[in-house]
Every structure is written in C-alpha cells, then in structure tokens.
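Next up, input11.cif (mmCIF, C-alpha atoms):
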data_work
#
loop_
_atom_site.label_atom_id
_atom_site.label_comp_id
_atom_site.auth_asym_id
_atom_site.auth_seq_id
_atom_site.Cartn_x
_atom_site.Cartn_y
_atom_site.Cartn_z
CA MET A 27 0.00 0.00 0.00
CA ASN A 28 1.35 3.43 -0.88
CA CYS A 29 0.49 6.81 0.67
CA ALA A 30 -2.32 7.62 -1.78
CA GLU A 31 -3.99 4.26 -1.17
CA PHE A 32 -3.54 4.69 2.56
CA ARG A 33 -5.28 8.06 2.50
CA ASN A 34 -8.22 6.51 0.75
CA VAL A 35 -8.91 4.25 3.71
CA ILE A 36 -7.65 6.41 6.54
CA GLN A 37 -11.06 7.76 7.59
CA ALA A 38 -12.59 4.31 7.54
CA LEU A 39 -9.75 3.07 9.74
CA ALA A 40 -10.20 5.98 12.12
CA ARG A 41 -13.92 5.21 12.39
CA GLU A 42 -13.05 1.63 13.26
CA GLU A 43 -14.70 0.33 10.16
CA THR A 44 -13.24 -2.83 8.74
CA PRO A 45 -12.33 -2.44 5.10
CA GLY A 46 -11.20 -6.09 5.04
CA ASP A 47 -8.41 -7.98 6.76
CA ALA A 48 -5.98 -7.70 3.88
CA THR A 49 -6.51 -3.95 3.58
CA LEU A 50 -6.26 -3.52 7.33
CA ILE A 51 -2.93 -5.36 7.58
CA SER A 52 -1.60 -3.55 4.56
CA ALA A 53 -2.66 -0.15 5.92
CA PHE A 54 -1.12 -0.63 9.36
CA THR A 55 2.04 -1.98 7.83
CA HIS A 56 2.26 1.17 5.74
CA ALA A 57 1.56 3.43 8.74
CA GLU A 58 4.44 1.81 10.63
CA SER A 59 6.82 2.62 7.85
CA CYS A 60 5.51 6.11 6.95
CA ARG A 61 5.61 8.78 9.65
CA ALA A 62 3.45 11.22 7.69
CA CYS A 63 0.67 8.70 7.16
CA ASP A 64 0.94 7.54 10.76
CA ALA A 65 0.48 11.13 11.92
CA LEU A 66 -2.57 11.52 9.67
CA LEU A 67 -4.07 8.36 11.09
CA ARG A 68 -3.58 9.62 14.64
CA GLU A 69 -5.16 12.92 13.67
CA ALA A 70 -8.15 11.13 12.16
CA GLU A 71 -8.51 8.98 15.27
CA GLN A 72 -8.42 12.12 17.39
CA LEU A 73 -11.14 13.59 15.21
CA THR A 74 -13.28 10.49 15.76
CA ALA A 75 -12.88 10.85 19.49
CA GLU A 76 -13.81 14.53 19.39
CA LEU A 77 -16.83 13.93 17.20
CA ARG A 78 -18.02 11.26 19.60
CA SER A 79 -17.59 13.64 22.51
CA LEU A 80 -19.56 16.26 20.63
CA ALA A 81 -22.29 13.74 19.82
CA ALA A 82 -22.50 12.79 23.49
CA GLN A 83 -22.63 16.40 24.59
CA ILE A 84 -25.40 17.47 22.24
CA LYS A 85 -27.57 14.45 22.97
CA SER A 86 -29.45 16.53 25.52
CA GLU A 87 -30.19 19.35 23.09
CA ALA A 88 -33.86 19.31 22.36
CA ALA A 89 -36.67 21.50 21.16
CA PRO A 90 -37.95 23.85 23.86
CA ALA A 91 -40.93 22.77 25.92
CA ARG A 92 -43.12 25.33 24.15
CA VAL A 93 -42.94 23.28 20.96
CA GLU A 94 -44.38 20.25 22.74
CA THR A 95 -47.04 22.39 24.36
CA ALA A 96 -48.07 23.87 21.03
CA LEU A 97 -48.16 20.47 19.38
CA LEU A 98 -50.24 18.93 22.15
CA ASP A 99 -52.68 21.83 21.89
CA ALA A 100 -52.93 21.23 18.16
CA PHE A 101 -53.35 17.52 18.75
CA ARG A 102 -56.22 18.06 21.19
CA GLN A 103 -57.88 20.50 18.86
CA ARG A 104 -57.48 18.13 15.96
CA HIS A 105 -59.15 15.32 17.83
CA SER A 106 -61.88 17.37 19.45
CA PRO A 107 -65.49 16.48 18.57
CA ALA A 108 -66.04 19.98 17.18
CA PHE A 109 -63.18 19.61 14.71
CA ARG A 110 -64.39 16.21 13.58
CA LEU A 111 -67.83 17.63 13.05
CA ARG A 112 -66.50 20.46 10.93
CA LYS A 113 -64.33 18.08 8.96
CA ALA A 114 -67.27 15.78 8.34
CA GLY A 115 -69.25 18.84 7.36
CA GLY A 116 -66.55 19.78 4.85
CA TRP A 117 -66.84 16.44 3.15
CA LEU A 118 -70.58 16.72 3.27
CA ALA A 119 -70.33 20.08 1.54
CA VAL A 120 -68.26 18.58 -1.24
CA SER A 121 -70.79 15.80 -1.66
CA ALA A 122 -73.61 18.28 -1.42
CA ALA A 123 -72.08 20.45 -4.14
CA GLY A 124 -72.10 17.47 -6.48
CA LEU A 125 -75.62 16.61 -5.52
CA ALA A 126 -76.65 20.22 -5.91
CA ALA A 127 -75.32 20.40 -9.44
CA ALA A 128 -77.27 17.29 -10.36
CA ALA A 129 -80.37 18.55 -8.61
CA LEU A 130 -80.20 21.94 -10.33
CA VAL A 131 -79.95 20.33 -13.73
CA ALA A 132 -82.90 18.10 -12.91
CA LEU A 133 -84.95 21.01 -11.60
CA LEU A 134 -84.19 23.13 -14.64
CA LEU A 135 -85.22 20.34 -16.93
CA THR A 136 -88.50 19.67 -15.11
CA ARG A 137 -89.49 23.28 -14.37
CA TYR A 138 -88.48 24.89 -17.64
CA PRO A 139 -89.66 22.79 -20.53
CA ALA A 140 -88.73 24.01 -23.97
CA ASP A 141 -92.01 25.92 -24.51
CA ARG A 142 -91.88 27.87 -21.23
CA SER A 143 -90.03 31.09 -20.75
CA PRO A 144 -87.56 31.19 -17.85
CA GLU A 145 -88.62 34.79 -17.19
CA THR A 146 -91.55 33.71 -14.99
CA PRO A 147 -91.82 36.11 -12.03
CA ARG A 148 -90.75 34.67 -8.71
CA ALA A 149 -92.28 35.23 -5.34
CA PRO A 150 -90.05 35.93 -2.38
CA VAL A 151 -89.89 33.09 0.05
CA ALA A 152 -88.84 34.58 3.32
CA ALA A 153 -91.77 36.15 5.08
CA PRO A 154 -91.32 39.75 6.25
CA ARG A 155 -90.51 40.01 9.90
CA GLU A 156 -91.96 42.31 12.45
CA PRO A 157 -89.54 45.15 12.98
CA ASN A 158 -87.49 45.15 16.20
CA ARG A 159 -88.52 41.63 17.09
CA PRO A 160 -85.50 39.50 18.09
CA LEU A 161 -84.68 36.76 15.68
CA GLY A 162 -85.11 33.15 16.66
CA PRO A 163 -82.31 30.73 15.77
CA ARG A 164 -84.11 29.51 12.69
CA GLU A 165 -85.30 32.91 11.56
CA LEU A 166 -81.81 34.29 11.57
CA TRP A 167 -81.15 32.37 8.39
CA ALA A 168 -84.29 33.50 6.65
CA ASP A 169 -82.39 36.40 5.05
CA TYR A 170 -80.40 33.92 3.04
CA ALA A 171 -83.38 32.78 1.01
CA VAL A 172 -82.49 31.64 -2.47
CA GLU A 173 -83.38 34.05 -5.21
CA GLY A 174 -85.25 32.51 -8.07
CA GLU A 175 -87.46 30.14 -6.16
CA THR A 176 -90.67 29.29 -7.94
CA GLU A 177 -94.08 30.19 -6.67
CA GLU A 178 -94.76 26.52 -6.07
CA GLU A 179 -92.07 26.37 -3.48
CA ALA A 180 -92.42 26.90 0.20
CA ALA A 181 -89.53 26.97 2.55
CA ALA A 182 -88.86 27.19 6.24
CA ALA A 183 -86.19 29.29 7.81
CA PHE A 184 -82.64 28.01 7.76
CA ILE A 185 -81.56 25.78 10.60
CA PRO A 186 -77.99 26.35 11.73
CA LEU A 187 -75.76 23.30 11.44
CA ALA A 188 -72.71 24.65 13.24
CA ALA A 189 -72.86 24.85 17.00
CA ALA A 190 -71.50 28.38 17.06
CA PHE A 191 -72.47 30.10 13.87
CA ASP A 192 -72.05 33.62 12.67
CA PRO A 193 -73.75 34.84 9.52
CA SER A 194 -70.77 37.12 8.82
CA TRP A 195 -68.78 34.00 7.98
CA LEU A 196 -70.89 33.64 4.92
CA GLU A 197 -69.29 36.48 3.02
CA GLY A 198 -68.36 34.87 -0.21
CA GLY A 199 -70.21 31.70 0.71
CA ALA A 200 -72.94 30.13 -1.32
CA ILE A 201 -76.34 28.55 -1.13
CA VAL A 202 -76.63 25.29 -2.96
CA ARG A 203 -79.74 23.28 -3.63
CA VAL A 204 -79.47 19.64 -2.80
CA VAL A 205 -81.66 16.57 -2.79
CA LEU A 206 -81.21 14.55 0.34
CA SER A 207 -82.82 11.46 1.77
CA ARG A 208 -84.72 11.70 5.02
CA PRO A 209 -82.05 9.82 6.95
CA ALA A 210 -79.43 12.22 5.61
CA LEU A 211 -81.52 15.18 6.73
CA GLU A 212 -82.04 13.60 10.11
CA SER A 213 -78.31 13.05 10.45
CA LEU A 214 -77.87 16.79 9.95
CA GLY A 215 -80.29 17.45 12.75
CA VAL A 216 -83.20 18.53 10.58
CA PRO A 217 -86.37 17.27 12.22
CA VAL A 218 -88.48 15.42 9.70
CA SER A 219 -91.53 13.29 10.24
CA ALA A 220 -91.28 9.52 9.97
CA ALA A 221 -93.80 9.44 7.17
CA GLY A 222 -92.37 8.56 3.81
CA ASN A 223 -88.88 7.57 2.74
CA GLY A 224 -88.47 9.71 -0.32
CA GLU A 225 -85.86 12.34 -1.05
CA MET A 226 -86.33 15.94 -0.13
CA VAL A 227 -85.11 19.13 -1.74
CA ALA A 228 -83.17 21.42 0.54
CA ASP A 229 -81.10 24.57 0.39
CA MET A 230 -77.77 24.47 2.10
CA VAL A 231 -75.74 27.50 3.14
CA VAL A 232 -72.08 26.75 2.57
CA SER A 233 -69.35 28.99 3.93
CA ASN A 234 -66.25 30.05 2.06
CA ASP A 235 -64.27 27.05 3.22
CA GLY A 236 -66.97 24.63 2.13
CA THR A 237 -68.39 24.03 5.56
CA PRO A 238 -72.18 23.70 5.61
CA GLU A 239 -73.52 26.30 7.98
CA ALA A 240 -77.27 25.97 7.68
CA ILE A 241 -79.96 24.06 5.88
CA ARG A 242 -83.63 24.37 5.16
CA VAL A 243 -86.08 22.06 3.52
CA VAL A 244 -88.03 23.42 0.56
CA ASP A 245 -90.96 22.24 -1.49
CA TRP A 246 -94.00 20.43 -0.10
CA GLN A 247 -91.95 18.62 2.49
CA VAL A 248 -91.76 21.77 4.52
CA SER A 249 -94.98 20.83 6.18
CA ASN A 250 -93.06 18.06 7.95
CA ILE A 251 -90.69 20.41 9.70
CA GLN A 252 -91.52 20.78 13.31
CA MET B 5 -51.98 -3.74 27.96
CA THR B 6 -48.72 -2.27 26.69
CA ARG B 7 -47.91 1.21 27.88
CA PRO B 8 -47.30 3.81 25.15
CA SER B 9 -43.68 4.17 26.19
CA GLN B 10 -43.14 0.51 25.34
CA GLN B 11 -44.99 0.55 22.05
CA SER B 12 -43.32 0.07 18.70
CA GLU B 13 -43.02 2.95 16.25
CA SER B 14 -45.83 1.59 14.09
CA ASP B 15 -48.14 1.14 17.06
CA LEU B 16 -47.42 4.64 18.29
CA LEU B 17 -48.20 6.04 14.87
CA ARG B 18 -51.42 4.08 14.67
CA LEU B 19 -52.49 5.18 18.14
CA THR B 20 -51.57 8.77 17.34
CA ALA B 21 -53.72 8.68 14.24
CA ALA B 22 -56.55 7.34 16.38
CA GLY B 23 -56.30 10.32 18.72
CA ASP B 24 -54.27 8.83 21.58
CA GLU B 25 -52.56 11.86 23.10
CA GLU B 26 -50.21 9.85 25.27
CA ALA B 27 -48.99 7.91 22.23
CA PHE B 28 -48.29 11.16 20.43
CA ARG B 29 -46.46 12.52 23.45
CA VAL B 30 -44.25 9.42 23.60
CA LEU B 31 -43.63 9.59 19.87
CA TYR B 32 -42.68 13.25 20.10
CA ARG B 33 -40.38 12.81 23.06
CA ARG B 34 -38.68 9.86 21.45
CA PHE B 35 -37.92 11.56 18.14
CA GLN B 36 -37.94 15.32 18.61
CA GLY B 37 -34.27 15.39 19.66
CA PRO B 38 -32.77 13.99 16.44
CA VAL B 39 -35.16 16.09 14.34
CA TYR B 40 -34.41 19.26 16.25
CA ARG B 41 -30.63 18.74 16.25
CA PHE B 42 -30.56 17.97 12.56
CA ALA B 43 -32.57 21.11 11.82
CA LEU B 44 -30.34 23.11 14.15
CA HIS B 45 -27.12 22.00 12.48
CA MET B 46 -28.44 22.37 8.97
CA GLY B 47 -30.56 25.46 9.48
CA GLY B 48 -28.06 27.25 11.68
CA SER B 49 -30.66 28.77 13.96
CA THR B 50 -32.68 27.60 16.91
CA ALA B 51 -35.69 29.50 15.62
CA VAL B 52 -35.57 27.58 12.33
CA ALA B 53 -34.98 24.33 14.20
CA GLU B 54 -38.03 24.97 16.36
CA ASP B 55 -40.22 25.77 13.38
CA VAL B 56 -39.08 22.76 11.45
CA THR B 57 -39.51 20.42 14.41
CA GLN B 58 -43.00 21.71 15.00
CA GLU B 59 -43.90 21.37 11.34
CA VAL B 60 -42.62 17.80 11.15
CA PHE B 61 -44.79 16.69 14.04
CA MET B 62 -47.75 18.75 12.88
CA ARG B 63 -47.70 16.63 9.77
CA LEU B 64 -47.97 13.56 11.90
CA ILE B 65 -50.94 15.10 13.71
CA GLU B 66 -52.60 16.09 10.48
CA LYS B 67 -51.93 12.64 9.00
CA ARG B 68 -50.04 14.20 6.13
CA SER B 69 -47.15 11.76 6.53
CA ARG B 70 -46.76 8.56 4.57
CA PHE B 71 -44.40 6.54 6.68
CA ASP B 72 -43.63 3.11 5.31
CA ALA B 73 -41.82 0.94 7.85
CA SER B 74 -40.48 -1.29 5.07
CA ARG B 75 -38.48 1.63 3.71
CA GLY B 76 -36.65 2.63 6.86
CA THR B 77 -36.92 3.71 10.46
CA LEU B 78 -39.28 6.35 11.71
CA ARG B 79 -36.32 8.39 12.95
CA ALA B 80 -34.84 8.45 9.46
CA TYR B 81 -38.23 9.28 8.00
CA LEU B 82 -38.78 12.21 10.34
CA ILE B 83 -35.28 13.58 9.78
CA GLY B 84 -35.89 13.25 6.04
CA MET B 85 -39.07 15.25 6.45
CA ALA B 86 -37.14 17.91 8.36
CA ARG B 87 -34.57 18.02 5.58
CA ASN B 88 -37.25 18.55 2.94
CA LEU B 89 -38.76 21.35 4.97
CA LEU B 90 -35.35 22.98 5.34
CA LEU B 91 -34.64 22.71 1.63
CA ARG B 92 -37.99 24.30 0.90
CA ARG B 93 -37.09 27.10 3.29
CA PHE B 94 -33.73 27.60 1.64
CA GLU B 95 -35.39 27.84 -1.74
CA ARG B 96 -38.05 30.20 -0.49
CA ASP B 97 -35.83 32.36 1.58
CA GLN B 98 -32.43 32.81 0.07
CA ARG B 99 -31.22 34.76 3.03
CA LEU B 100 -31.13 31.59 5.09
CA VAL B 101 -27.64 30.36 5.40
CA ALA B 102 -26.86 26.92 6.64
CA PHE B 103 -24.25 28.23 8.93
CA PRO B 104 -23.86 28.76 12.63
CA ASP B 105 -25.25 31.92 13.98
CA ALA B 106 -25.25 33.23 17.46
CA ASP B 107 -28.20 31.03 18.36
CA VAL B 108 -26.34 27.80 18.02
CA PRO B 109 -24.99 26.66 21.35
CA GLY B 110 -21.26 27.02 21.19
CA GLY B 111 -21.49 29.90 18.76
CA ALA B 112 -20.83 33.48 19.56
CA PRO B 113 -22.58 34.76 22.66
CA ALA B 114 -26.02 36.14 21.99
CA SER B 115 -28.18 38.13 24.28
CA HIS B 116 -31.32 36.35 23.10
CA GLN B 117 -29.86 32.89 23.25
CA GLY B 118 -31.77 32.11 26.39
CA ASN B 119 -35.01 32.34 24.47
CA HIS B 120 -34.00 29.96 21.77
CA ALA B 121 -31.53 27.43 23.01
CA LEU B 122 -31.51 25.00 25.84
CA PRO B 123 -28.97 25.99 28.45
CA SER B 124 -25.89 23.93 27.81
CA VAL B 125 -24.40 22.26 30.83
CA PRO B 126 -20.77 23.24 31.14
CA PRO B 127 -18.57 20.14 31.09
CA PRO B 128 -16.19 19.71 34.00
CA ASP B 129 -13.07 19.98 31.84
CA PRO B 130 -12.83 23.43 30.19
CA VAL B 131 -10.08 22.37 27.79
CA ARG B 132 -12.10 19.43 26.59
CA SER B 133 -15.12 21.66 26.31
CA GLU B 134 -13.17 24.09 24.19
CA ASN B 135 -12.06 21.29 21.89
CA ILE B 136 -15.61 20.09 21.47
CA GLN B 137 -16.92 23.54 20.63
CA ARG B 138 -14.06 23.94 18.17
CA VAL B 139 -15.11 20.72 16.46
CA ARG B 140 -18.69 21.88 16.40
CA GLN B 141 -17.75 25.15 14.76
CA ALA B 142 -15.74 23.26 12.19
CA VAL B 143 -18.70 20.96 11.48
CA LEU B 144 -21.01 23.91 11.07
CA SER B 145 -18.67 25.52 8.56
CA LEU B 146 -18.67 22.50 6.24
CA PRO B 147 -20.50 22.71 2.92
CA PRO B 148 -24.07 21.42 3.36
CA ASP B 149 -23.61 18.10 1.56
CA TYR B 150 -20.66 17.20 3.72
CA ARG B 151 -22.23 18.61 6.85
CA GLU B 152 -25.31 16.44 6.36
CA ALA B 153 -23.13 13.36 6.22
CA VAL B 154 -21.27 14.33 9.41
CA VAL B 155 -24.42 15.31 11.30
CA LEU B 156 -26.21 12.10 10.39
CA CYS B 157 -23.39 9.57 10.60
CA GLU B 158 -21.19 11.07 13.29
CA LEU B 159 -23.41 13.18 15.51
CA GLU B 160 -26.68 11.28 15.22
CA GLU B 161 -24.85 7.98 14.73
CA LEU B 162 -27.04 6.77 11.91
CA SER B 163 -25.88 3.96 9.68
CA TYR B 164 -24.76 4.67 6.14
CA GLU B 165 -27.95 2.99 4.94
CA GLU B 166 -30.19 5.21 7.06
CA ALA B 167 -28.32 8.34 5.97
CA ALA B 168 -28.55 7.26 2.35
CA GLY B 169 -32.30 6.83 2.76
CA ILE B 170 -32.66 10.32 4.20
CA LEU B 171 -30.48 11.98 1.59
CA ASP B 172 -31.90 9.84 -1.18
CA CYS B 173 -28.54 8.84 -2.55
CA PRO B 174 -26.47 5.66 -2.78
CA VAL B 175 -24.60 4.39 0.28
CA GLY B 176 -21.34 4.88 -1.60
CA THR B 177 -22.10 8.58 -1.91
CA ILE B 178 -22.57 8.86 1.84
CA ARG B 179 -19.32 7.03 2.41
CA SER B 180 -17.37 9.30 0.08
CA ARG B 181 -19.02 12.47 1.42
CA LEU B 182 -18.17 11.48 4.94
CA HIS B 183 -14.60 10.69 3.96
CA ARG B 184 -14.26 14.06 2.28
CA ALA B 185 -16.00 15.83 5.17
CA ARG B 186 -13.68 14.30 7.73
CA THR B 187 -10.65 15.27 5.67
CA LEU B 188 -11.95 18.85 5.53
CA LEU B 189 -12.64 18.82 9.27
CA ALA B 190 -9.11 17.64 9.99
CA GLU B 191 -7.75 20.44 7.80
CA LYS B 192 -9.90 23.04 9.54
CA LEU B 193 -8.90 21.85 12.99
CA ARG B 194 -5.27 21.76 12.00
CA GLU B 195 -5.58 25.29 10.72
CA PHE B 196 -7.25 26.34 13.93
CA GLN B 197 -4.32 25.09 15.95
CA ARG B 198 -1.94 27.33 14.07
CA PRO B 199 -1.16 30.51 16.00
CA GLY B 200 -3.09 33.55 14.82
CA ARG B 201 -5.52 31.58 12.64
CA GLN B 202 -8.20 30.80 15.17
CA ALA B 203 -10.72 33.23 13.77
CA SER B 204 -10.76 31.58 10.39
CA VAL B 205 -12.01 28.20 11.57
CA ALA B 206 -15.61 29.04 11.18
CA GLY B 207 -14.82 29.98 7.62
CA SER B 208 -17.17 31.80 5.35
CA PRO B 209 -20.85 31.02 5.40
CA ALA B 210 -21.63 27.73 3.74
CA THR B 211 -24.77 28.27 1.79
CA PRO B 212 -26.65 25.34 0.40
#
Write the structure described by the file as structure tokens, please.
Amino acid sequence: MNCAEFRNVIQALAREETPGDATLISAFTHAESCRACDALLREAEQLTAELRSLAAQIKSEAAPARVETALLDAFRQRHSPAFRLRKAGGWLAVSAAGLAAAALVALLLTRYPADRSPETPRAPVAAPREPNRPLGPRELWADYAVEGETEEEAAAAFIPLAAAFDPSWLEGGAIVRVVLSRPALESLGVPVSAAGNGEMVADMVVSNDGTPEAIRVVDWQVSNIQ
Amino acid sequence: MTRPSQQSESDLLRLTAAGDEEAFRVLYRRFQGPVYRFALHMGGSTAVAEDVTQEVFMRLIEKRSRFDASRGTLRAYLIGMARNLLLRRFERDQRLVAFPDADVPGGAPASHQGNHALPSVPPPDPVRSENIQRVRQAVLSLPPDYREAVVLCELEELSYEEAAGILDCPVGTIRSRLHRARTLLAEKLREFQRPGRQASVAGSPATP
C-alpha cells in the first residue's frame, strides 16, 4: 500500500470500520513505515474521538418545551369532537355540491320545458318580519333565502348546522340546492316526520371554506318540519 | 396492555392517528431530539430548528405523513421530512444560510440565546469543552452536503444505509461524502491550531 492508497482508507480506519483484513494489515504496515501517514491516522482517530464527545454532549439538546405544548394543543384541537364535526361537514359540503349540481340540472329540466319562458316572475320566500322583534335561531337564516325560487315552493327558515355560527362567515359563501334522503336530513339534525322515505329538496348554506352552515327544507316537504 | 412508552413505532403512529394523546407525546419525546438537532445544524438557527420540528410533528398530527416501515426507520423518516422542509425554506428564503449563527450553542454569545436554546451544561473539563466547541464550529462551517453526512453519521450515529435513505442517494455517496468531510474537518482543525488563525475556523458562510 502506498500513501495515496492509505489516505483513501484512513477515515474508515479511524472510524473503526473494517475495510477487510488484507486492507487492514496492509494499511497498518504502511503506517508503521511512513511517519506522515501515521500522523494523519492519529489525527483522524483524534477527530473520531472529538466527534463522539460532541455527539454525546449534544444528545441533551432538544426542542424547547413550548414546541411540545403547542403540538399537544394542536393535537387536542385536531381530535376534538367539534373539529371532527367540521371536517365531516366539509366532506358533506363537497358531496352536497355534487348533488346540488345534479339537482339543479334536474330542476331546470323539469321546471323549464322548452315551450316555457324562464322569465316567470318569482315570489319571495322569506316572510317579512316584524320590525325590532328579536330573531329566533331559525329565523336568523331566513335572510339567506335563495333568489329565483318558484311560486310553487315553500320553505322554512334556515336551521344552523354549526354549534357556534355567525352569519358574517358567509361572506363569499354560497347557497346550494341539494336533494337529500330523510335519513341524511335527520343526520344533519333537521327534524323530519317519519312518514315517507323519499328524497327531499333542501337549500344548504355553505361557507367560504366549504363548511355547511345551515340548511332548510323546501318544497311540499316543509310541512313536515316541526 | 402495553404502555405507550413501550410501544413500537408503528403502534405509536397508529395510536396517534386514532387520537391517543399519550402515544403522540411518547412519539414526540422519542424523536424530537434527532429532528431538532438535525434542523439546528443544517438550518443554523434555533428558531428555524423549532419551526421545522413543530412542522414535522404537525404533519404527523394532520396525518399528512406517509411513513412506510419497510423503507426505513421512523427516525430516518422524520429527519428526512425535516430536511425537505429545510430545503424548501432555503429555496423560499435565500437569506437563510446553513451556517452557525449566534443562536447555536457554542457559537458566539447572543443576548437572546436564552429564548432559543436550551442551556448547555458546562462540562467539567474546560479544555475538553473548548475542543468540542471547536469541532462543532468546524462541522457547522462545512459545505451542506458534507455537513449532512457528518451530522447524520457522526453526531446522530445513523448507519450509512439510514443516511442514504434520508439523503436519497447511494450508500457509496454517503461514504465518500463522509470521507471528504472528515478530511476537511481535519484540515480546519489543523488550521485552527496554528497561531493567529483561530478566527478563520468558522470559515465563510456555507450556503446550500
């Protein structure tokens, strides 16, 4: 082994790796006969020792306690019932948007046959309120009535879906029309009578982030709302 | 029933995903150290290291991680995630230099260090302590590719295979980078020992 070959394996030797018996014997034989290479080997071994000391010393270095605190807060929030509800609501909104698109197409096809003009006047749905009377939880959503409802429709006030709702969240939100089964409506907390198993048309208020905020049943089924 | 502290990595991950806070706490305490130290040595700042550590574990909370036990250890996976976050930071924010700043323990004194770094326990032997800090400064002044190899294989004591998995390169590349890095370290330390050259050990900032 010459000096160049020795320097190729010197770091492996210093790290106590075993490049093979033959190489090991050859390297140490060279180091015994070459003072410069022997000095380099000692230097590399010293470096190994110092790096190990450094590794041992920094073992206790850790993220500050505030990082753990913040993460645990986030963890608790993530797994809170309220978060799960909102997340489930988000998925529901996505599904509802798809359903709404299908429902709108179906409604347009059934309500506007080819020989009927779409300019038919529409009657407002939300009934005027007495001035200065405090709003009930359902009435609060009445202002979000869908424009363009037909005179055949009747609708109740919106029922909030979120536990703590704020109509100001709805800036930029949307109202989508959906067709939902009774069990689906019941799962959203909309009280419906047990009679019948058919689907029901509903308007859903969806906030900017896709979270459903409120719902109301429209059409003849409104009579079933308690 | 097995206590969370005795659970395997996979079990802890599964329990964490299911909302078990204690499992997450155990997972965090087991792996935050290597993640934080890697981010500290590569990011050069305790603030960056904190952010990166938090982000890595937030991804676990938010189930945005795709750990596959057949591809390596969880420790390697989390460090790899930290590395990706750091690289993204470097790309986004060119002012970040992967170089020691005053925040890094052992670096220059900083008045705000107490807010960002754990208090380092002074070793009993001041000479030995000085040597260790000298080595640390030399490590921090290495070019990033070499520094990664040293931090992973020497300071975190990962195998070549684990380091190769994190850096997404062949084992031979790790071996050669480490060899080159150690040669550079030896040169820097030798230079440091020369009279009147101590200030140059840290070298110029090593940007990624």
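What separates CA of Leu91 in chain B from CA of Ile84 in chain A is a distance of 23.2 Å.
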Show me which bits of chain A are within 8 Å of chain B, counting all atoms listed in the file, as a CSV table (one decimal) with C-alpha atoms, in the coordinates of the input.
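Output file out-v5.csv is given in full below:
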chain,number,residue,atom,x,y,z
A,37,GLN,CA,-11.1,7.8,7.6
A,38,ALA,CA,-12.6,4.3,7.5
A,69,GLU,CA,-5.2,12.9,13.7
A,70,ALA,CA,-8.2,11.1,12.2
A,73,LEU,CA,-11.1,13.6,15.2
A,76,GLU,CA,-13.8,14.5,19.4
A,77,LEU,CA,-16.8,13.9,17.2
A,78,ARG,CA,-18.0,11.3,19.6
A,79,SER,CA,-17.6,13.6,22.5
A,80,LEU,CA,-19.6,16.3,20.6
A,81,ALA,CA,-22.3,13.7,19.8
A,85,LYS,CA,-27.6,14.4,23.0
A,86,SER,CA,-29.4,16.5,25.5
A,87,GLU,CA,-30.2,19.4,23.1
A,88,ALA,CA,-33.9,19.3,22.4
A,89,ALA,CA,-36.7,21.5,21.2
A,90,PRO,CA,-38.0,23.8,23.9
A,93,VAL,CA,-42.9,23.3,21.0
A,94,GLU,CA,-44.4,20.2,22.7
A,97,LEU,CA,-48.2,20.5,19.4
A,98,LEU,CA,-50.2,18.9,22.2
A,100,ALA,CA,-52.9,21.2,18.2
A,101,PHE,CA,-53.4,17.5,18.8
A,102,ARG,CA,-56.2,18.1,21.2
A,104,ARG,CA,-57.5,18.1,16.0
A,105,HIS,CA,-59.2,15.3,17.8
For range 44-54 of chain A, find every residue with an atom within 8 Å (counting only C-alpha atoms), except residues of its own chain fewer than 4 positions away, and show them as a short mmCIF file (atom, residue, chain, number, x, y, z; two decimals) with C-alpha atoms, in the frame of the given file.
data_model
loop_
_atom_site.label_atom_id
_atom_site.label_comp_id
_atom_site.auth_asym_id
_atom_site.auth_seq_id
_atom_site.Cartn_x
_atom_site.Cartn_y
_atom_site.Cartn_z
CA MET A 27 0.00 0.00 0.00
CA PHE A 32 -3.54 4.69 2.56
CA VAL A 35 -8.91 4.25 3.71
CA ALA A 38 -12.59 4.31 7.54
CA LEU A 39 -9.75 3.07 9.74
CA GLU A 58 4.44 1.81 10.63
#
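Atom pair CA of Ala153 in chain B / CA of Thr74 in chain A: separated by 14.0 Å.
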Original post:
Could you pull the residues within 8 Å of Leu31 in chain B, counting all atoms listed in the file, minus those fewer than 4 positions along the same chain, as a list in words?
Top reply: Glu13, Leu16, Leu17, Ala27 and Phe35 of chain B
**OP:** Step by step, work through what the PyMOL selection byres ((chain A and resi 63) around 10) selects in the shown file, and finish by giving those residues as an MDAnalysis selection string.
**Re:** chainID A and resid 28:30 32:33 36 53:54 56:62 64:69
**OP:** Please indicate the distance in Å from CA of Arg96 in chain B to CA of Gly47 in chain B, rounded to one decimal place.
**Re:**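 Interatomic distance, CA of Arg96 in chain B to CA of Gly47 in chain B: 13.3 Å.
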**OP:** Just the residues within 10 Å of range 174-176 of chain B, please, counting all atoms listed in the file, with nothing from its chain fewer than 5 positions along; format it as a PyMOL selection string.
**Re:** chain B and resi 163-169+181-182
Original post:
So, counting only C-alpha atoms, which residue among A:Leu211, A:Ala182, A:Val231, A:Val216 is closest to Ala123 in chain A?
Top reply: A:Val231
Original post:
Hey, which of B:Leu144, B:Gln11, B:Asn88, B:Tyr150 ends up closest to Thr177 in chain B? Count only C-alpha atoms.
Top reply: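 Once distances to Thr177 in chain B are computed over only C-alpha atoms, the minimum belongs to B:Tyr150.
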